[in-house]
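> Below is the file final_18.cif, with mmCIF, C-alpha atoms and all ligand atoms.
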```cif
data_protein
loop_
_atom_site.label_atom_id
_atom_site.label_comp_id
_atom_site.auth_asym_id
_atom_site.auth_seq_id
_atom_site.Cartn_x
_atom_site.Cartn_y
_atom_site.Cartn_z
CA MET Z 1 -43.96 1.06 -15.23
CA ASP Z 2 -47.69 0.84 -15.72
CA PHE Z 3 -48.55 4.48 -15.15
CA GLU Z 4 -52.07 4.27 -16.59
CA LYS Z 5 -53.04 1.48 -14.20
CA PHE Z 6 -51.52 3.46 -11.35
CA ILE Z 7 -53.67 6.48 -12.25
CA LEU Z 8 -56.80 4.29 -12.36
CA ALA Z 9 -55.92 2.89 -8.94
CA ALA Z 10 -55.34 6.44 -7.68
CA GLU Z 11 -58.89 7.36 -8.76
CA GLU Z 12 -60.23 4.35 -6.88
CA ALA Z 13 -58.25 5.34 -3.80
CA LYS Z 14 -59.77 8.84 -3.91
CA LYS Z 15 -63.27 7.34 -4.02
CA ILE Z 16 -62.51 5.21 -0.97
CA ALA Z 17 -61.01 8.17 0.90
CA PHE Z 18 -64.00 10.41 0.20
CA SER Z 19 -66.45 7.65 1.15
CA PHE Z 20 -65.19 7.92 4.74
CA SER Z 21 -67.30 10.09 7.06
CA ASP Z 22 -64.68 11.28 9.58
CA PRO Z 23 -61.37 9.51 9.01
CA ILE Z 24 -58.20 10.03 10.98
CA ILE Z 25 -55.29 10.73 8.63
CA ILE Z 26 -52.22 9.12 10.17
CA HIS Z 27 -49.09 10.35 8.46
CA HIS Z 28 -45.36 9.84 8.91
CA TYR Z 29 -43.29 12.57 10.59
CA ASP Z 30 -40.61 13.23 7.97
CA ALA Z 31 -40.69 15.67 5.04
CA ASP Z 32 -42.44 13.19 2.75
CA GLY Z 33 -44.92 12.17 5.46
CA LEU Z 34 -45.78 15.81 6.22
CA SER Z 35 -46.08 16.81 2.55
CA SER Z 36 -48.29 13.85 1.75
CA GLY Z 37 -50.29 14.25 4.97
CA ALA Z 38 -50.87 17.91 4.08
CA ILE Z 39 -51.98 17.02 0.53
CA VAL Z 40 -54.56 14.58 1.92
CA LYS Z 41 -55.70 17.02 4.61
CA LYS Z 42 -56.04 19.83 2.06
CA ALA Z 43 -58.06 17.57 -0.25
CA PHE Z 44 -60.50 16.93 2.60
CA MET Z 45 -60.61 20.64 3.41
CA LEU Z 46 -61.30 21.56 -0.23
CA ALA Z 47 -64.07 18.95 -0.35
CA ASN Z 48 -65.46 20.25 2.94
CA LEU Z 49 -65.23 16.82 4.54
CA LYS Z 50 -64.71 16.00 8.21
CA HIS Z 51 -61.32 14.55 9.15
CA ARG Z 52 -58.57 14.62 11.77
CA THR Z 53 -54.80 14.37 11.35
CA LEU Z 54 -52.00 12.89 13.43
CA GLY Z 55 -48.28 12.61 12.68
CA ILE Z 56 -46.42 9.58 14.09
CA LYS Z 57 -42.87 8.24 14.02
CA LYS Z 58 -43.59 4.61 13.38
CA LEU Z 59 -46.47 2.21 12.93
CA ASP Z 60 -45.55 -0.29 15.62
CA ASP Z 61 -47.88 -2.52 17.64
CA ALA Z 62 -48.41 0.21 20.24
CA ALA Z 63 -49.63 2.57 17.51
CA ILE Z 64 -51.94 -0.14 16.16
CA GLU Z 65 -53.42 -0.64 19.65
CA LYS Z 66 -54.12 3.10 19.97
CA LEU Z 67 -55.96 3.08 16.64
CA ARG Z 68 -58.02 0.00 17.40
CA ASN Z 69 -61.22 1.98 18.10
CA GLU Z 70 -60.97 4.22 15.05
CA LYS Z 71 -63.65 3.44 12.45
CA GLU Z 72 -61.86 4.92 9.43
CA ILE Z 73 -58.14 5.43 9.00
CA ILE Z 74 -56.08 6.76 6.09
CA PHE Z 75 -52.43 5.83 6.54
CA VAL Z 76 -50.14 8.15 4.63
CA ASP Z 77 -46.45 7.29 4.09
CA LEU Z 78 -47.05 4.44 6.55
CA GLY Z 79 -48.88 1.13 6.55
CA ASN Z 80 -46.21 -1.50 6.74
CA ASN Z 81 -47.45 -3.57 9.67
CA GLU Z 82 -49.33 -6.83 9.19
CA ARG Z 83 -51.54 -5.93 12.13
CA VAL Z 84 -53.17 -3.17 10.06
CA SER Z 85 -55.38 -6.09 9.00
CA GLU Z 86 -56.93 -6.03 12.51
CA LEU Z 87 -58.17 -2.44 12.10
CA LYS Z 88 -61.55 -1.39 10.71
CA ASP Z 89 -61.88 0.63 7.47
CA VAL Z 90 -58.43 1.52 6.21
CA LEU Z 91 -56.89 3.11 3.12
CA ILE Z 92 -53.10 3.07 2.72
CA ILE Z 93 -51.28 5.69 0.64
CA ASP Z 94 -47.63 4.68 0.73
CA HIS Z 95 -44.46 4.04 -1.25
CA HIS Z 96 -42.55 1.76 1.12
CA GLN Z 97 -42.05 -1.93 0.50
CA SER Z 98 -44.99 -3.32 2.40
CA LYS Z 99 -46.47 -6.44 3.92
CA THR Z 100 -49.88 -7.79 2.94
CA THR Z 101 -52.61 -6.33 5.09
CA GLY Z 102 -55.69 -7.13 3.00
CA LYS Z 103 -56.61 -3.42 3.11
CA PRO Z 104 -56.89 -1.19 0.01
CA GLN Z 105 -53.57 0.41 -0.77
CA ILE Z 106 -52.28 2.78 -3.43
CA ASN Z 107 -48.54 2.30 -3.74
CA PRO Z 108 -46.37 2.99 -6.82
CA LEU Z 109 -44.46 -0.23 -6.14
CA MET Z 110 -47.58 -2.20 -7.11
CA TYR Z 111 -47.40 -0.72 -10.63
CA GLY Z 112 -43.71 -1.13 -11.43
CA ILE Z 113 -42.87 2.38 -10.22
CA ASP Z 114 -39.92 2.38 -7.83
CA GLY Z 115 -41.19 3.91 -4.59
CA GLY Z 116 -37.60 4.46 -3.47
CA SER Z 117 -36.50 6.60 -6.39
CA GLU Z 118 -39.38 7.36 -8.78
CA LEU Z 119 -42.32 8.43 -6.62
CA SER Z 120 -42.70 9.12 -2.92
CA SER Z 121 -45.87 9.25 -0.82
CA SER Z 122 -46.36 12.95 -1.54
CA GLY Z 123 -46.33 12.29 -5.30
CA THR Z 124 -48.69 9.37 -4.77
CA ALA Z 125 -51.04 11.57 -2.71
CA TYR Z 126 -50.92 14.21 -5.45
CA PHE Z 127 -51.89 11.67 -8.11
CA VAL Z 128 -54.77 10.51 -5.87
CA PHE Z 129 -56.23 13.94 -5.03
CA GLY Z 130 -54.79 16.33 -7.63
CA ASN Z 131 -54.06 19.26 -5.29
CA ASP Z 132 -50.80 20.83 -4.12
CA ILE Z 133 -48.46 19.41 -6.72
CA ASP Z 134 -45.64 21.55 -5.32
CA LEU Z 135 -45.84 19.56 -2.08
CA GLY Z 136 -45.57 16.42 -4.20
CA LEU Z 137 -42.14 17.60 -5.25
CA VAL Z 138 -41.14 18.71 -1.74
CA GLY Z 139 -41.78 15.22 -0.34
CA ALA Z 140 -39.83 13.57 -3.16
CA LEU Z 141 -36.82 15.77 -2.50
CA GLY Z 142 -37.14 15.17 1.23
CA ASP Z 143 -36.86 11.46 0.52
CA MET Z 144 -33.70 12.07 -1.54
CA GLN Z 145 -35.48 11.26 -4.81
CA TYR Z 146 -33.11 13.46 -6.79
CA PRO Z 147 -32.45 13.79 -9.73
CA LEU Z 148 -36.11 13.35 -10.63
CA GLN Z 149 -36.95 10.34 -12.74
CA GLY Z 150 -39.95 8.27 -13.82
CA ALA Z 151 -43.28 9.31 -12.30
CA ASN Z 152 -41.58 12.17 -10.39
CA LYS Z 153 -40.57 13.67 -13.71
CA ILE Z 154 -44.14 13.39 -15.01
CA MET Z 155 -45.38 15.10 -11.84
CA CYS Z 156 -42.78 17.85 -12.14
CA GLU Z 157 -43.74 18.56 -15.75
CA GLN Z 158 -47.38 18.83 -14.70
CA GLY Z 159 -46.34 21.18 -11.88
CA ILE Z 160 -44.42 23.38 -14.30
CA ALA Z 161 -47.45 23.49 -16.63
CA LYS Z 162 -49.68 24.47 -13.68
CA GLY Z 163 -47.25 27.24 -12.67
CA GLU Z 164 -46.64 25.68 -9.25
CA ILE Z 165 -43.07 24.54 -9.99
CA LYS Z 166 -40.29 26.45 -11.70
CA LYS Z 167 -37.21 24.48 -12.76
CA SER Z 168 -33.80 25.98 -13.50
CA THR Z 169 -30.18 24.90 -13.64
CA ASP Z 170 -28.02 26.47 -10.98
CA LEU Z 171 -25.67 26.01 -8.04
CA ARG Z 172 -27.18 23.32 -5.82
CA PHE Z 173 -26.08 24.80 -2.50
CA TYR Z 174 -28.53 25.24 0.33
CA GLY Z 175 -29.98 28.69 1.02
CA ARG Z 176 -30.24 30.35 -2.39
CA HIS Z 177 -33.12 32.46 -1.12
CA SER Z 178 -32.64 32.41 2.59
CA ARG Z 179 -28.99 32.77 3.57
CA SER Z 180 -26.61 35.72 3.42
CA LEU Z 181 -23.93 35.14 0.78
CA VAL Z 182 -21.23 34.44 3.36
CA GLN Z 183 -23.36 31.85 5.17
CA PHE Z 184 -24.52 30.40 1.88
CA LEU Z 185 -20.93 29.72 0.93
CA ALA Z 186 -19.52 28.83 4.32
CA TYR Z 187 -22.24 26.41 5.39
CA SER Z 188 -22.87 24.49 2.20
CA ASP Z 189 -20.67 21.50 2.68
CA GLU Z 190 -21.90 19.28 -0.12
CA PRO Z 191 -19.32 19.25 -1.58
CA PHE Z 192 -16.90 20.37 1.10
CA ILE Z 193 -14.89 23.30 -0.27
CA PRO Z 194 -11.39 23.26 1.22
CA GLU Z 195 -10.61 26.45 3.20
CA ILE Z 196 -14.14 27.79 2.62
CA SER Z 197 -16.64 25.35 4.16
CA TYR Z 198 -17.17 26.21 7.84
CA ASN Z 199 -14.90 29.24 7.52
CA GLU Z 200 -16.93 32.45 7.29
CA GLU Z 201 -13.83 34.64 7.16
CA HIS Z 202 -12.42 32.84 4.12
CA ALA Z 203 -15.85 32.67 2.48
CA GLN Z 204 -16.22 36.43 2.88
CA LYS Z 205 -12.72 37.04 1.51
CA LEU Z 206 -13.46 34.93 -1.57
CA LEU Z 207 -16.62 36.92 -2.29
CA GLU Z 208 -14.81 40.22 -1.76
CA ASP Z 209 -11.90 39.14 -3.98
CA LEU Z 210 -14.43 38.39 -6.70
CA GLY Z 211 -15.84 41.92 -6.33
CA ILE Z 212 -19.25 40.66 -5.25
CA ASN Z 213 -21.07 43.09 -2.95
CA LEU Z 214 -22.32 41.40 0.18
CA LYS Z 215 -24.96 44.01 1.02
CA THR Z 216 -27.38 46.36 -0.58
CA THR Z 217 -28.09 49.59 1.29
CA GLU Z 218 -30.89 47.87 3.22
CA SER Z 219 -30.01 44.23 3.62
CA TRP Z 220 -27.62 41.34 3.14
CA ARG Z 221 -27.74 39.96 -0.37
CA VAL Z 222 -28.64 36.32 -0.99
CA TYR Z 223 -27.48 34.16 -3.88
CA ASN Z 224 -30.71 34.79 -5.74
CA ASP Z 225 -29.93 38.51 -5.79
CA LEU Z 226 -26.75 37.94 -7.84
CA ASN Z 227 -26.82 38.73 -11.53
CA LEU Z 228 -25.71 36.16 -14.10
CA GLU Z 229 -22.19 37.58 -14.31
CA GLU Z 230 -21.72 37.41 -10.54
CA ARG Z 231 -23.09 33.86 -10.41
CA LYS Z 232 -20.71 32.74 -13.14
CA LYS Z 233 -17.75 34.30 -11.32
CA LEU Z 234 -18.66 32.60 -8.06
CA ILE Z 235 -19.29 29.19 -9.62
CA SER Z 236 -16.01 29.33 -11.56
CA ALA Z 237 -14.11 30.24 -8.39
CA ILE Z 238 -15.63 27.30 -6.48
CA ALA Z 239 -15.00 24.94 -9.39
CA GLU Z 240 -11.39 26.13 -9.50
CA ILE Z 241 -10.86 25.35 -5.80
CA LEU Z 242 -12.52 21.96 -6.14
CA SER Z 243 -10.54 21.06 -9.27
CA GLN Z 244 -7.45 20.83 -7.07
CA ASN Z 245 -9.07 17.69 -5.68
CA LYS Z 246 -9.24 14.73 -8.02
CA LYS Z 247 -12.89 13.92 -7.19
CA LYS Z 248 -15.76 14.86 -9.50
CA TYR Z 249 -18.47 17.06 -8.05
CA LYS Z 250 -21.90 18.02 -9.26
CA LEU Z 251 -21.96 21.71 -8.45
CA ILE Z 252 -24.66 22.57 -10.93
CA GLY Z 253 -27.97 20.77 -11.25
CA ASP Z 254 -31.73 21.15 -11.44
CA VAL Z 255 -33.13 23.42 -8.75
CA TYR Z 256 -36.81 23.98 -8.14
CA ASP Z 257 -38.68 27.07 -7.02
CA LEU Z 258 -42.27 27.04 -5.82
CA PRO Z 259 -43.93 30.29 -6.95
CA LYS Z 260 -47.04 29.71 -4.79
CA ARG Z 261 -44.99 29.72 -1.56
CA SER Z 262 -43.62 32.63 0.48
CA LEU Z 263 -39.96 33.56 -0.09
CA LYS Z 264 -38.63 31.59 2.89
CA PHE Z 265 -40.18 28.39 1.57
CA CYS Z 266 -39.98 28.84 -2.17
CA ASP Z 267 -36.91 26.64 -2.73
CA ALA Z 268 -38.26 23.09 -2.84
CA HIS Z 269 -35.14 21.55 -1.28
CA GLU Z 270 -35.12 24.07 1.53
CA PHE Z 271 -38.83 23.55 2.12
CA SER Z 272 -38.25 19.83 2.59
CA THR Z 273 -35.51 20.55 5.14
CA VAL Z 274 -37.86 22.84 7.08
CA LEU Z 275 -40.43 20.03 7.17
CA ASN Z 276 -37.87 17.52 8.36
CA ALA Z 277 -36.85 20.01 11.04
CA CYS Z 278 -40.44 20.29 12.26
CA GLY Z 279 -41.43 16.63 12.08
CA ARG Z 280 -38.27 14.99 13.30
CA HIS Z 281 -38.29 17.28 16.34
CA GLY Z 282 -41.80 16.31 17.37
CA LYS Z 283 -43.62 19.20 15.66
CA SER Z 284 -45.62 17.49 12.93
CA GLU Z 285 -48.59 19.91 13.30
CA LEU Z 286 -46.22 22.80 12.69
CA GLY Z 287 -44.97 21.19 9.46
CA ILE Z 288 -48.53 20.59 8.29
CA ALA Z 289 -49.43 24.22 9.06
CA VAL Z 290 -46.45 25.42 6.98
CA CYS Z 291 -47.61 23.18 4.11
CA LEU Z 292 -51.09 24.67 4.36
CA GLY Z 293 -49.61 28.17 4.07
CA ASP Z 294 -50.35 29.34 7.62
CA GLU Z 295 -48.07 32.39 7.83
CA THR Z 296 -48.44 32.71 11.61
CA VAL Z 297 -46.22 29.66 12.16
CA TYR Z 298 -43.39 30.49 9.72
CA LEU Z 299 -41.04 32.00 12.31
CA GLU Z 300 -41.44 29.07 14.68
CA ALA Z 301 -40.71 26.64 11.84
CA LEU Z 302 -37.57 28.56 10.90
CA ASP Z 303 -36.40 28.38 14.53
CA PHE Z 304 -36.69 24.60 14.35
CA LEU Z 305 -34.76 24.68 11.09
CA ALA Z 306 -31.86 26.43 12.82
CA ILE Z 307 -31.86 23.83 15.63
CA HIS Z 308 -32.12 20.99 13.12
CA LYS Z 309 -29.20 22.19 11.06
CA ARG Z 310 -27.02 22.67 14.12
CA MET Z 311 -27.85 19.14 15.32
CA ILE Z 312 -27.00 17.70 11.90
CA ARG Z 313 -23.70 19.60 11.80
CA ASP Z 314 -22.77 18.32 15.27
CA GLY Z 315 -23.96 14.83 14.31
CA ILE Z 316 -21.78 14.77 11.20
CA ALA Z 317 -18.75 15.92 13.19
CA PHE Z 318 -19.33 13.08 15.68
CA ALA Z 319 -19.99 10.51 12.95
CA LYS Z 320 -16.84 11.35 11.02
CA LYS Z 321 -14.66 10.40 13.96
CA SER Z 322 -16.78 7.56 15.30
CA ILE Z 323 -17.74 5.30 12.39
CA ILE Z 324 -16.22 1.84 12.62
CA ASP Z 325 -15.71 -0.77 9.97
CA LEU Z 326 -17.57 -4.03 10.65
CA GLY Z 327 -16.54 -5.82 7.46
CA VAL Z 328 -19.48 -5.82 5.09
CA PHE Z 329 -20.92 -2.63 6.59
CA SER Z 330 -19.93 0.49 8.50
CA PHE Z 331 -21.37 1.08 11.94
CA LEU Z 332 -22.13 4.25 13.86
CA ASP Z 333 -23.08 4.00 17.53
CA ALA Z 334 -24.61 7.40 18.22
CA ARG Z 335 -26.59 6.45 21.33
CA GLY Z 336 -26.84 9.44 23.66
CA ILE Z 337 -25.19 11.71 21.09
CA ILE Z 338 -27.39 11.94 17.99
CA ASP Z 339 -31.16 12.20 18.23
CA GLU Z 340 -33.09 9.22 16.86
CA GLY Z 341 -34.98 11.51 14.48
CA ILE Z 342 -31.88 12.62 12.64
CA VAL Z 343 -29.47 9.70 12.88
CA GLY Z 344 -30.69 8.54 9.45
CA ILE Z 345 -30.05 11.95 7.91
CA VAL Z 346 -26.54 11.99 9.38
CA CYS Z 347 -25.87 8.45 8.09
CA GLY Z 348 -26.97 9.55 4.61
CA MET Z 349 -24.65 12.52 4.73
CA VAL Z 350 -21.55 10.65 5.87
CA LEU Z 351 -22.14 7.84 3.39
CA GLN Z 352 -20.26 9.92 0.82
CA ASN Z 353 -19.03 7.68 -1.95
CA GLY Z 354 -18.72 4.66 0.32
CA ILE Z 355 -19.31 1.30 -1.22
CA LYS Z 356 -20.48 -0.23 2.05
CA PRO Z 357 -23.89 0.35 3.61
CA ILE Z 358 -23.91 2.20 6.89
CA VAL Z 359 -25.90 1.17 9.96
CA GLY Z 360 -26.42 3.86 12.59
CA ILE Z 361 -28.06 3.51 15.98
CA ALA Z 362 -29.51 6.00 18.47
CA ASN Z 363 -31.54 5.76 21.65
CA GLY Z 364 -35.22 5.24 20.82
CA GLU Z 365 -37.85 7.21 22.73
CA THR Z 366 -39.42 4.16 24.33
CA GLY Z 367 -36.22 2.64 25.69
CA ASP Z 368 -35.53 0.68 22.51
CA ILE Z 369 -32.81 1.23 19.91
CA LYS Z 370 -33.57 3.21 16.76
CA VAL Z 371 -31.70 1.88 13.73
CA SER Z 372 -31.15 3.87 10.53
CA THR Z 373 -29.43 2.42 7.48
CA ARG Z 374 -28.33 3.98 4.21
CA THR Z 375 -26.58 2.69 1.09
CA TYR Z 376 -25.95 3.55 -2.53
CA LYS Z 377 -28.01 1.86 -5.20
CA LYS Z 378 -24.87 0.50 -6.81
CA THR Z 379 -24.21 -1.81 -3.83
CA GLY Z 380 -27.28 -3.75 -5.02
CA ILE Z 381 -28.29 -4.35 -1.40
CA ASN Z 382 -31.96 -3.93 -0.51
CA LEU Z 383 -31.93 -2.36 2.95
CA GLY Z 384 -35.72 -2.46 3.31
CA ILE Z 385 -35.68 -6.24 3.11
CA LEU Z 386 -32.51 -6.49 5.18
CA VAL Z 387 -33.76 -4.36 8.04
CA SER Z 388 -37.22 -5.88 8.02
CA GLU Z 389 -35.85 -9.47 8.19
CA ALA Z 390 -33.07 -8.73 10.67
CA SER Z 391 -35.32 -6.80 13.07
CA GLU Z 392 -38.17 -9.30 12.91
CA LYS Z 393 -35.77 -12.10 13.92
CA ILE Z 394 -35.10 -10.40 17.23
CA GLY Z 395 -38.55 -9.03 18.01
CA GLY Z 396 -38.13 -5.60 16.44
CA ILE Z 397 -39.94 -3.83 13.63
CA GLY Z 398 -38.49 -2.19 10.58
CA GLY Z 399 -38.63 -1.58 6.86
CA GLY Z 400 -38.21 1.14 4.28
CA HIS Z 401 -36.62 1.36 0.86
CA ALA Z 402 -33.74 -0.32 -0.92
CA VAL Z 403 -31.39 2.57 -0.17
CA ALA Z 404 -32.79 3.91 3.12
CA ALA Z 405 -34.42 1.89 5.84
CA GLY Z 406 -34.93 1.95 9.58
CA ALA Z 407 -36.03 -0.15 12.51
CA SER Z 408 -36.72 -0.19 16.22
CA ILE Z 409 -35.13 -3.09 18.10
CA PRO Z 410 -35.02 -4.20 21.75
CA LYS Z 411 -32.10 -2.71 23.68
CA ASN Z 412 -30.61 -6.07 24.68
CA LYS Z 413 -30.65 -7.51 21.15
CA LEU Z 414 -28.09 -5.28 19.45
CA ASN Z 415 -25.45 -7.95 18.93
CA GLU Z 416 -27.94 -10.42 17.48
CA PHE Z 417 -29.28 -7.69 15.22
CA LEU Z 418 -25.82 -6.77 13.92
CA CYS Z 419 -25.06 -10.48 13.28
CA ALA Z 420 -28.35 -10.79 11.39
CA VAL Z 421 -27.46 -7.68 9.35
CA LYS Z 422 -24.06 -9.16 8.47
CA GLU Z 423 -25.60 -12.50 7.47
CA ASN Z 424 -28.28 -10.81 5.39
CA ILE Z 425 -25.82 -8.59 3.54
CA GLU Z 426 -23.63 -11.60 2.76
CA LYS Z 427 -26.69 -13.48 1.55
CA GLN Z 428 -27.73 -10.56 -0.67
CA ILE Z 429 -24.22 -10.04 -2.07
CA ASN Z 430 -23.93 -13.72 -2.94
O1 LIG Z 501 -35.73 6.91 10.20
P1 LIG Z 501 -34.99 6.80 8.92
O2 LIG Z 501 -34.83 8.12 8.23
O3 LIG Z 501 -33.72 6.06 9.01
O4 LIG Z 501 -35.94 5.90 7.99
C1 LIG Z 501 -35.56 5.51 6.69
C2 LIG Z 501 -36.75 4.89 5.98
O5 LIG Z 501 -37.12 3.70 6.66
C3 LIG Z 501 -37.97 5.80 5.99
O6 LIG Z 501 -38.58 5.76 4.71
C4 LIG Z 501 -38.86 5.19 7.03
O7 LIG Z 501 -40.21 5.35 6.72
C5 LIG Z 501 -38.48 3.72 7.01
N1 LIG Z 501 -38.66 3.10 8.35
C6 LIG Z 501 -39.56 2.06 8.52
N2 LIG Z 501 -39.74 1.49 9.76
C7 LIG Z 501 -39.05 1.95 10.83
C8 LIG Z 501 -38.13 3.01 10.68
C9 LIG Z 501 -37.96 3.58 9.41
O8 LIG Z 501 -40.21 1.65 7.55
N3 LIG Z 501 -39.24 1.38 12.02
#
```
Can you dump the structure from the file as structure tokens?
Ligand code: C5P


Amino acid sequence: MDFEKFILAAEEAKKIAFSFSDPIIIHHYDADGLSSGAIVKKAFMLANLKHRTLGIKKLDDAAIEKLRNEKEIIFVDLGNNERVSELKDVLIIDHHQSKTTGKPQINPLMYGIDGGSELSSSGTAYFVFGNDIDLGLVGALGDMQYPLQGANKIMCEQGIAKGEIKKSTDLRFYGRHSRSLVQFLAYSDEPFIPEISYNEEHAQKLLEDLGINLKTTESWRVYNDLNLEERKKLISAIAEILSQNKKKYKLIGDVYDLPKRSLKFCDAHEFSTVLNACGRHGKSELGIAVCLGDETVYLEALDFLAIHKRMIRDGIAFAKKSIIDLGVFSFLDARGIIDEGIVGIVCGMVLQNGIKPIVGIANGETGDIKVSTRTYKKTGINLGILVSEASEKIGGIGGGHAVAAGASIPKNKLNEFLCAVKENIEKQIN
């Protein structure tokens, strides 16, 4: 990686951004898009510069048409459409594999930094503007860039030095700060704990058997309230149950707290889930407001989180019984069942240790089909290339990263698309 050149290019990008007089900041709607969009917005706010923001799902031709009259555009976590070349003044801040547009772009991929695993758009935006490093981490985690490596690690170390990130080694379950102990245990299903996951009664019994108090006089305790002894007891008990299975699990790992944020949003992983919940349910402005620390919207954002988690749980249950084997890949037809905004998340979660990529589909909002694909790095398949080529062949649009990519394709072209996917995978494997 050529980090020094990347930093020089980031400085150039900042100059271009701040030379604009009233740009529209067009950002993606997922956790990374919202974090990076918020970093850019905050930079403009701090510099007292005029700007507007808009979160979108995809940069398709319709989106390009709508932007045709804009004089200055900053694309954030987006930019992969050749027709960007038709627009006026543009700056692209992105980490996806992208097409040539002839417009200035800051993208880690151009400097030997893997945009899929080593730096996301939020990290890129942080290196451009230098503010809100904690959001840089949130976006990376939202894009599954965990464990941190490469430029993400450099960013994290800077965040620790600035006091905006606190790293520790602990249980990696969801809800360390935000869920009652019973819920924390019962609804953390990565890994699935036999007899405990999705069983509040058994989860409660386990905690009681371990002598762990569930409540203080005033409130339910959360994992973070446990002392070291209690944590050790709980982790050993979970490890003991899991050891009956032959599989290896990573129960313990790096966890990140964000001291600048309020308690509900101070776990970086949880923060990224809240942002996904807002953005993927059509509430990008809400996600941006949370990133900017607007306390008046916190409750609304947490409501969306509850809805989001329920939809993912239902989606996983459907996926587990509905995935079919199509030879070189697995296929999930979730049309009418799973929302297009979360089908990719569900695919990622049911991928498990599968050696085959998974292709999921849902109904798109404009009558098309939304495709989401996920794979493990070890398959060696580049989904960004695969999806981009296969969708282009049939008049769709798509792209992404090696391990996670998506597309929108015409409704009547599904079979052709799946054939193109099969062909492309075979070509890549060979
Ligand atoms: O929507 P999903 O989560 O499946 O997207 C996976 C990745 O593919 C994301 O990084 C997204 O930006 C990218 N993508 C894309 N073009 C699309 C759909 C998704 O580049 N039409």

> Measuring between only C-alpha atoms, which one of Z:Gln105, Z:Asn213, Z:Thr373, Z:Asn363 shows the shortest distance to Z:Lys14?

Z:Gln105

> Would you mind listing, for every residue of chain Z within 7 Å of ligand LIG 501 (chain Z), the two atoms forming the shortest contact and the distance between them in Å to one decimal, using only C-alpha atoms and all ligand atoms, sorted by chain and ascending residue number, as JSON lines?


```
{"residue": "Z:Lys58", "atom": "CA", "partner": "Z:LIG501", "partner_atom": "N3", "distance": 5.6}
{"residue": "Z:Leu78", "atom": "CA", "partner": "Z:LIG501", "partner_atom": "O7", "distance": 6.9}
{"residue": "Z:Asn80", "atom": "CA", "partner": "Z:LIG501", "partner_atom": "O8", "distance": 6.8}
{"residue": "Z:His96", "atom": "CA", "partner": "Z:LIG501", "partner_atom": "O6", "distance": 6.7}
{"residue": "Z:Gly341", "atom": "CA", "partner": "Z:LIG501", "partner_atom": "O1", "distance": 6.3}
{"residue": "Z:Ile342", "atom": "CA", "partner": "Z:LIG501", "partner_atom": "O2", "distance": 7.0}
{"residue": "Z:Val343", "atom": "CA", "partner": "Z:LIG501", "partner_atom": "O3", "distance": 6.8}
{"residue": "Z:Gly344", "atom": "CA", "partner": "Z:LIG501", "partner_atom": "O3", "distance": 3.9}
{"residue": "Z:Ile345", "atom": "CA", "partner": "Z:LIG501", "partner_atom": "O2", "distance": 6.1}
{"residue": "Z:Val371", "atom": "CA", "partner": "Z:LIG501", "partner_atom": "O3", "distance": 6.6}
{"residue": "Z:Ser372", "atom": "CA", "partner": "Z:LIG501", "partner_atom": "O3", "distance": 3.7}
{"residue": "Z:Thr373", "atom": "CA", "partner": "Z:LIG501", "partner_atom": "O3", "distance": 5.8}
{"residue": "Z:Ile397", "atom": "CA", "partner": "Z:LIG501", "partner_atom": "N3", "distance": 5.5}
{"residue": "Z:Gly398", "atom": "CA", "partner": "Z:LIG501", "partner_atom": "N3", "distance": 3.9}
{"residue": "Z:Gly399", "atom": "CA", "partner": "Z:LIG501", "partner_atom": "O8", "distance": 3.7}
{"residue": "Z:Gly400", "atom": "CA", "partner": "Z:LIG501", "partner_atom": "O5", "distance": 3.7}
{"residue": "Z:His401", "atom": "CA", "partner": "Z:LIG501", "partner_atom": "O6", "distance": 6.2}
{"residue": "Z:Ala404", "atom": "CA", "partner": "Z:LIG501", "partner_atom": "C1", "distance": 4.8}
{"residue": "Z:Ala405", "atom": "CA", "partner": "Z:LIG501", "partner_atom": "O5", "distance": 3.4}
{"residue": "Z:Gly406", "atom": "CA", "partner": "Z:LIG501", "partner_atom": "C9", "distance": 3.4}
{"residue": "Z:Ala407", "atom": "CA", "partner": "Z:LIG501", "partner_atom": "N3", "distance": 3.6}
{"residue": "Z:Ser408", "atom": "CA", "partner": "Z:LIG501", "partner_atom": "N3", "distance": 5.1}
```

> What is the atom CA of Z:Met110 to atom CA of Z:Lys153 distance in Å?

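The value is 18.6 Å.
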
> Can you tell me which residues surround Z:Lys42 at a distance of at most 12 Å, considering only C-alpha atoms, apart from same-chain residues fewer than 3 positions away, and format the answer as an MDAnalysis selection string?

chainID Z and resid 25 34:39 45:53 125:126 129:133 135 288:289 291:293

> Find, counting all atoms listed in the file, the residue in Z:Arg261, Z:Asp60, Z:Lys71, Z:Val403 that gets nearest to Z:Gln145.

Z:Val403

> Using all atoms listed in the file, which protein or nucleic acid residues come within 10 Å of Z:Lys427? Drop anything in the same chain fewer than 5 positions from it, and give the result as a ChimeraX atom specification.

/Z:381,386,421-422

> Taking the point (-60.9, 5.4, 1.0) as given in the file, collect each protein or nucleic acid residue that comes within 12 Å of it, counting only C-alpha atoms, and present the set as a ChimeraX atom specification.

/Z:9-25,40,44,71-76,88-93,103-106,128-129

> Compare Z:Arg221, Z:Lys320, Z:Lys215, Z:His95 by their minimum atom-to-atom distance to Z:Gly115, counting all atoms listed in the file, and give me the closest one.

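Comparing Z:Arg221, Z:Lys320, Z:Lys215, Z:His95 against Z:Gly115, the winner is Z:His95.
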